[in-house]
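Report on one structure; see the data block that follows.
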Amino acid sequence: MSEPAKTTVLYADDDATLRYVTKEMLEALGFSVLLAADGAEVLSKWREGVRFDLLLVDLFMPGMSGAEVIKGLQQEGCSAPAVLCTGDQLSDQQAIDMGARAMLAKPYRLRELGAIIRRCLDDGNTSRR
């Protein structure tokens, strides 16, 4: 009997150190992790057929904001939930207004990261989109 597929999280952040640390955290939580350094890379992966269960994306990145990434993916048919990450003041409602399912304040801890991802996945998205 084969193992069920791991849930895949695509994490996009322009900060290489934060990408590495968050990747380690996500893997410790049992997720499969894909990384992107900016919004253009996220959209490129999607166009190449890369699929994921959840997008975790920095709000402020050079070239394209996290909100623009979410909008671009939605326009291309992606229905995976997204979580906006930021060190700035942002409410959950503001994140939702930008197309995200939730907001995650930086710096975040392992428990917070896991809880928000599970909440977003439990809200109805359990397959790669």
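Letters A, B, ... mark the chains of the structure tokens in the order given; residue numbers begin at 1 per chain; ligand numbers begin at 1, in order shown.
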
Write down as number ranges by chain the residues belonging to chain A that are assigned helix (DSSP H, G or I) by DSSP computed on the backbone.
A: 16-28, 39-47, 66-75, 92-97, 110-122

Counting only C-alpha atoms, which residues in stretch 5-39 of chain A sit no more than 9 Å from stretch 98-117 of chain A? For each one, give the nearest pair of atoms and the distance in Å, sorted by chain then residue number, as CSV.
residue,atom,partner,partner_atom,distance
A:Val9,CA,A:Ile117,CA,8.9
A:Thr22,CA,A:Leu110,CA,8.8
A:Met25,CA,A:Leu110,CA,6.2
A:Leu26,CA,A:Gly114,CA,7.7
A:Ala28,CA,A:Leu110,CA,8.7
A:Leu29,CA,A:Gly114,CA,6.6

For the residues in the current selection, export N, CA and C atoms as an mmCIF file, in the first residue's frame.
data_model
loop_
_atom_site.group_PDB
_atom_site.id
_atom_site.type_symbol
_atom_site.label_atom_id
_atom_site.label_comp_id
_atom_site.auth_asym_id
_atom_site.auth_seq_id
_atom_site.Cartn_x
_atom_site.Cartn_y
_atom_site.Cartn_z
ATOM 1 N N VAL A 9 3.404 22.758 0.197
ATOM 2 C CA VAL A 9 3.318 24.192 0.419
ATOM 3 C C VAL A 9 4.357 24.870 -0.470
ATOM 4 N N THR A 22 12.155 28.879 7.064
ATOM 5 C CA THR A 22 10.746 28.493 6.948
ATOM 6 C C THR A 22 10.611 27.132 6.287
ATOM 7 N N MET A 25 11.137 24.648 8.933
ATOM 8 C CA MET A 25 9.965 24.605 9.816
ATOM 9 C C MET A 25 8.833 23.811 9.162
ATOM 10 N N LEU A 26 8.567 24.106 7.891
ATOM 11 C CA LEU A 26 7.484 23.413 7.181
ATOM 12 C C LEU A 26 7.759 21.910 7.075
ATOM 13 N N ALA A 28 9.559 20.174 9.148
ATOM 14 C CA ALA A 28 9.387 19.634 10.500
ATOM 15 C C ALA A 28 7.914 19.387 10.814
ATOM 16 N N LEU A 29 7.044 20.172 10.195
ATOM 17 C CA LEU A 29 5.596 20.001 10.371
ATOM 18 C C LEU A 29 5.035 18.908 9.464
#

I'd like the neighbourhood of A:Asp123 as number ranges by chain, where a residue qualifies if any of its atoms comes within 12 Å (using only C-alpha atoms), though same-chain residues fewer than 2 positions away should be ignored.
A: 54, 80-82, 101-102, 116-121, 125-127

I need the chosen residues saved as a tab-separated table (two decimals), in the first residue's frame, with N, CA and C atoms.
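Output file selection36.tsv follows:
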chain	number	residue	atom	x	y	z
A	54	LEU	N	-1.08	24.75	-0.92
A	54	LEU	CA	-1.21	26.02	-0.23
A	54	LEU	C	-0.04	26.91	-0.63
A	80	ALA	N	-5.80	27.12	-4.94
A	80	ALA	CA	-5.15	26.78	-3.67
A	80	ALA	C	-5.25	27.97	-2.72
A	81	PRO	N	-5.50	27.74	-1.45
A	81	PRO	CA	-5.55	28.85	-0.50
A	81	PRO	C	-4.17	29.49	-0.35
A	82	ALA	N	-4.19	30.77	0.00
A	82	ALA	CA	-2.95	31.52	0.18
A	82	ALA	C	-2.94	32.17	1.55
A	101	ARG	N	-6.42	33.68	2.24
A	101	ARG	CA	-7.31	33.04	3.20
A	101	ARG	C	-7.03	33.54	4.61
A	102	ALA	N	-5.76	33.96	4.85
A	102	ALA	CA	-5.37	34.40	6.19
A	102	ALA	C	-4.08	35.20	6.11
A	116	ILE	N	-1.97	27.91	11.31
A	116	ILE	CA	-2.62	28.68	10.25
A	116	ILE	C	-2.73	27.88	8.97
A	117	ILE	N	-1.71	27.09	8.67
A	117	ILE	CA	-1.76	26.26	7.46
A	117	ILE	C	-2.86	25.21	7.59
A	118	ARG	N	-2.91	24.54	8.72
A	118	ARG	CA	-3.94	23.51	8.91
A	118	ARG	C	-5.34	24.13	8.86
A	119	ARG	N	-5.50	25.31	9.46
A	119	ARG	CA	-6.81	25.97	9.42
A	119	ARG	C	-7.22	26.27	7.98
A	120	CYS	N	-6.29	26.78	7.20
A	120	CYS	CA	-6.60	27.11	5.81
A	120	CYS	C	-6.90	25.86	4.99
A	121	LEU	N	-6.16	24.80	5.22
A	121	LEU	CA	-6.41	23.55	4.50
A	121	LEU	C	-7.72	22.91	4.93
A	125	ASN	N	-9.85	23.03	1.28
A	125	ASN	CA	-8.89	22.69	0.21
A	125	ASN	C	-8.01	21.53	0.67
A	126	THR	N	-8.25	20.37	0.09
A	126	THR	CA	-7.44	19.21	0.46
A	126	THR	C	-6.76	18.59	-0.73
A	127	SER	N	-6.92	19.15	-1.91
A	127	SER	CA	-6.26	18.60	-3.09
A	127	SER	C	-5.48	19.69	-3.81

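What separates atom CA of A:Arg19 from atom CA of A:Gln75 is a distance of 25.6 Å.
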
From the options A:Asp92, A:Asp122, A:Glu76, A:Asp14, which residue's atoms come nearest to A:Gly49, counting only C-alpha atoms?
A:Glu76

Rounded to one decimal in Å, what is the spacing between atom CA of A:Gly77 and atom CA of A:Ala36?
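Separating atom CA of A:Gly77 from atom CA of A:Ala36 is a distance of 19.1 Å.
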
Nearby residues (only C-alpha atoms) at most 9 Å from A:Ala40, same-chain spacing under 3 positions excluded, as a PyMOL selection string
chain A and resi 36-37+43-45+63-64+69

Enter the distance from atom CA of A:Gly30 to atom CA of A:Ala95, in Å, rounded to one decimal.
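Going from atom CA of A:Gly30 over to atom CA of A:Ala95, I get 25.4 Å.
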
For A:Leu59, list every protein, DNA or RNA residue within 9 Å, evaluated using only C-alpha atoms, and leave out those in the same chain fewer than 4 positions away; present the list as number ranges by chain.
A: 13, 64-68, 84-87

Report the residues of chain A whose backbone DSSP state falls under strand (DSSP E), written as a VMD selection string.
chain A and resid 8 to 12 32 to 36 54 to 58 82 to 86 102 to 105

Nearest to A:Val83, chosen from A:Val42, A:Val50, A:Tyr11, A:Leu35, with only C-alpha atoms counted in the distances:
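That would be A:Tyr11, the residue with the smallest distance to A:Val83.
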